[in-house]
Amino acid sequence: MTPELGDGTRVVHAVSGEPGEPFGAQPVFASAYHLGGQDYYGRASNPTWRALETALGSLEGGECVVFPSGMAAVSTLLRTVLSTGDTLVVPSDGYFLTRKFVSEMDVNVVEVPTAGPYPSFEGVRLVLLETPSNPGLDVCDIAALADRAHAAGALLAVDNTTATPLGQRPLELGADVVVASDTKAVAGHSDVLFGHVTLANAELAARIRDARTLNGAIPGPFETWLALRGLGTLDLRLARQAENAAAIHALLKGRVANLRWPGASDDPAFLVAAQQMRRFNGVLTFELESVEAVNRFLERSKLVSAATSFGGLHSTADRRAQFGDPVPEGLVRFSAGCEDTRDLVADVSHALGLD
């Protein structure tokens with residue numbers, strides 16, 4: 001039996017070229033094509049899209065459809081799957097804009113904390129999970145909830161943004177759909193907005209692709225190429241980010257409130273996370289005593305920037321309450337970047353007055 005290729009090999013060779021061709025797909029900017037081939041109009045298809053869709057689909061085990069942002073991906077999924085009066089289960093502690101979007105749909109919305117307990121799924125059309133959740137980093141059992149959803153006749157989708165395609169494979173755990181913002185770790189360089197949906201069912205994938213064509217939520221070919229280029233180093237970046245997150249967690253343990261990182265053996269989410277996640281990443285959260293304390297930390301730090309995204313090369317800190325998350329004012333979502341671990345630990349220690 002041939003062993004499964006490692007993560008680094010898989011992302012580097014997710015898009016391979018033939019002799020005489022470039023390494024990896026290049027951006028194709030055409031809006032119109034000579035008829036008779038696979039492509040005919042730029043809103044319906046693009047060779048660069050297909051290259052990235054093939055790469056992400058191979059990593060996640062399904063059929064991928066790319067979008068110009070994570071919100072374009074999740075909103076297209078919701079509008080395609082749900083009809084007036086349907087019931088939708090969403091995480092009460094997940095990405096706040098998803099909750100805002102569904103609050104304006106003509107559907108019944110049931111909000112449930114990621115860690116549960118979960119109600120009956122009878123009469124539910126779609127269960128949307130986010131695990132680890134953003135920003136709280138709670139985790140739920142995807143396989144168990146997929147079994148419950150399917151027994152009740154519901155679809156189950158997982159927002160896999162925080163985990164990434166290398167960190168977690170929801171389709172293999174029984175999910176019907178994966179949705180993600182590739183603006184974060186997949187593209188990884190803080191220079192592009194992007195998203196995707198990957199589906200286990202080809203018919204539903206075709207409906208999502210048709211919806212993309214109809215509503216015009218299409219990514220630019222250059223942005224697609226940037227995400228594809230970033231994907232090739234995802235394994236390397238995740239390794240350093242996880243190493244840095246582990247070191248920051250060790251530094252902060254017992255010194256700040258509500259420290260969370262699912263990769264820590266003493267984290268409340270660790271047992272479930274370790275069961276279903278293949279590897280951990282660089283996102284952790286903790287709470288300082290006030291807005292002023294967060295501001296002092298950022299002012300004193302030389303390496304950590306205030307920013308409202310995560311998964312990039314640079315370490316960043318985001319006080320999530322300022323953007324509408326129902327969390328304490330001093331809660332910080334910390335995204336460990338790719339700096340040298342020693343330098344980052346020393347900087348954070350000094351910025352928090354721990355040295």
# chains A, B, ... in the order shown; residues from 1 in each chain; ligands from 1
call {"tool": "residues_around", "arguments": {"residues": "Arg99 (chain A)", "least_positions_apart": "6", "cutoff": "9 Å", "atoms": "only C-alpha atoms", "output": "PyMOL selection string"}}
result
chain A and resi 90-92+109+111
call {"tool": "write_last_selection", "arguments": {"atoms": "N, CA and C atoms", "output": "compact mmCIF listing (two decimals), in the first residue's frame"}}
result
# COMPACT_ATOMS: atom_id res chain seq x y z
N VAL A 90 -26.57 27.71 13.67
CA VAL A 90 -25.28 28.39 13.51
C VAL A 90 -24.61 28.52 14.88
N PRO A 91 -23.28 28.67 14.91
CA PRO A 91 -22.59 28.85 16.18
C PRO A 91 -22.82 30.25 16.75
N SER A 92 -23.23 30.32 18.00
CA SER A 92 -23.43 31.62 18.64
C SER A 92 -22.12 32.32 18.92
N VAL A 109 -33.44 30.83 12.63
CA VAL A 109 -32.04 30.68 13.03
C VAL A 109 -31.98 30.21 14.48
N GLU A 111 -29.18 29.54 17.35
CA GLU A 111 -27.78 29.76 17.71
C GLU A 111 -27.39 28.82 18.85
call {"tool": "closest_atom_pairs", "arguments": {"of": "region 99-136 of chain A", "to": "region 65-74 of chain A", "cutoff": "12 Å", "atoms": "only C-alpha atoms", "output": "tab-separated table"}}
result
residue	atom	partner	partner_atom	distance
A:Arg99	CA	A:Val74	CA	11.0
A:Lys100	CA	A:Met71	CA	11.1
A:Phe101	CA	A:Met71	CA	9.1
A:Val102	CA	A:Val74	CA	10.3
A:Leu128	CA	A:Val74	CA	9.8
A:Leu129	CA	A:Val74	CA	11.7
A:Glu130	CA	A:Val74	CA	11.7
call {"tool": "residues_around", "arguments": {"residues": "region 299-302 of chain A", "least_positions_apart": "2", "cutoff": "9 Å", "atoms": "only C-alpha atoms", "output": "list in words"}}
result
Val294, Asn295, Arg296, Phe297, Val304, Ser305, Asp347, Val348, His350, Ala351 and Leu352 of chain A
call {"tool": "closest_residue", "arguments": {"among": "A:Glu203, A:Arg255, A:Ala245, A:Ala274", "to": "Thr316 (chain A)", "atoms": "only C-alpha atoms"}}
result
A:Ala245
call {"tool": "residues_around", "arguments": {"residues": "region 206-208 of chain A", "least_positions_apart": "5", "cutoff": "8 Å", "atoms": "only C-alpha atoms", "output": "list in words"}}
result
Val65, Thr76, Leu77 and Thr80 of chain A
call {"tool": "write_last_selection", "arguments": {"atoms": "N, CA and C atoms", "output": "PDB file, in the first residue's frame"}}
result
ATOM      1  N   VAL A  65     -15.230  25.068  -5.182  1.00  0.00           N
ATOM      2  CA  VAL A  65     -15.650  26.245  -5.945  1.00  0.00           C
ATOM      3  C   VAL A  65     -15.066  27.465  -5.237  1.00  0.00           C
ATOM      4  N   THR A  76     -23.101  32.573  -0.438  1.00  0.00           N
ATOM      5  CA  THR A  76     -23.598  31.830  -1.599  1.00  0.00           C
ATOM      6  C   THR A  76     -24.097  30.459  -1.181  1.00  0.00           C
ATOM      7  N   LEU A  77     -23.365  29.803  -0.299  1.00  0.00           N
ATOM      8  CA  LEU A  77     -23.807  28.508   0.213  1.00  0.00           C
ATOM      9  C   LEU A  77     -25.168  28.635   0.894  1.00  0.00           C
ATOM     10  N   THR A  80     -28.030  29.327  -1.505  1.00  0.00           N
ATOM     11  CA  THR A  80     -28.300  28.199  -2.395  1.00  0.00           C
ATOM     12  C   THR A  80     -29.028  27.078  -1.678  1.00  0.00           C
TER      13      THR A  80
END
call {"tool": "closest_residue", "arguments": {"among": "A:Ala163, A:Ala202, A:Val81, A:Ala293", "to": "Asp138 (chain A)", "atoms": "only C-alpha atoms"}}
result
A:Ala163
call {"tool": "closest_atom_pairs", "arguments": {"of": "region 111-148 of chain A", "to": "region 173-182 of chain A", "cutoff": "7 Å", "atoms": "only C-alpha atoms", "output": "tab-separated table"}}
result
residue	atom	partner	partner_atom	distance
A:Ile142	CA	A:Leu173	CA	6.3
A:Ala143	CA	A:Leu173	CA	4.9
A:Ala146	CA	A:Gly174	CA	5.6
call {"tool": "select_by_dssp", "arguments": {"residues": "region 94-231 of chain A", "states": "strand (DSSP E or B)", "output": "list in words"}}
result
Asn108, Val109, Val110, Glu111, Val112, Leu126, Val127, Leu128, Leu129, Glu130, Leu155, Leu156, Ala157, Val158, Asp159, Gln168, Val177, Val178, Val179, Ala180, Ser181, Gly195, His196, Val197, Thr198 and Leu199 of chain A
call {"tool": "residues_around", "arguments": {"residues": "Thr9 (chain A)", "least_positions_apart": "6", "cutoff": "12 Å", "atoms": "only C-alpha atoms", "output": "PyMOL selection string"}}
result
chain A and resi 15-16+59+166+231-236
call {"tool": "closest_residue", "arguments": {"among": "A:Thr183, A:Thr162, A:Gln276, A:Ser335", "to": "His249 (chain A)", "atoms": "only C-alpha atoms"}}
result
A:Ser335
call {"tool": "residues_around", "arguments": {"residues": "region 214-216 of chain A", "least_positions_apart": "4", "cutoff": "9 Å", "atoms": "only C-alpha atoms", "output": "PyMOL selection string"}}
result
chain A and resi 43-44+76+209-210
call {"tool": "select_by_dssp", "arguments": {"residues": "region 49-210 of chain A", "states": "helix (DSSP H, G or I)", "output": "PyMOL selection string"}}
result
chain A and resi 49-60+70-81+96-103+142-151+164-167+170-173+202-210
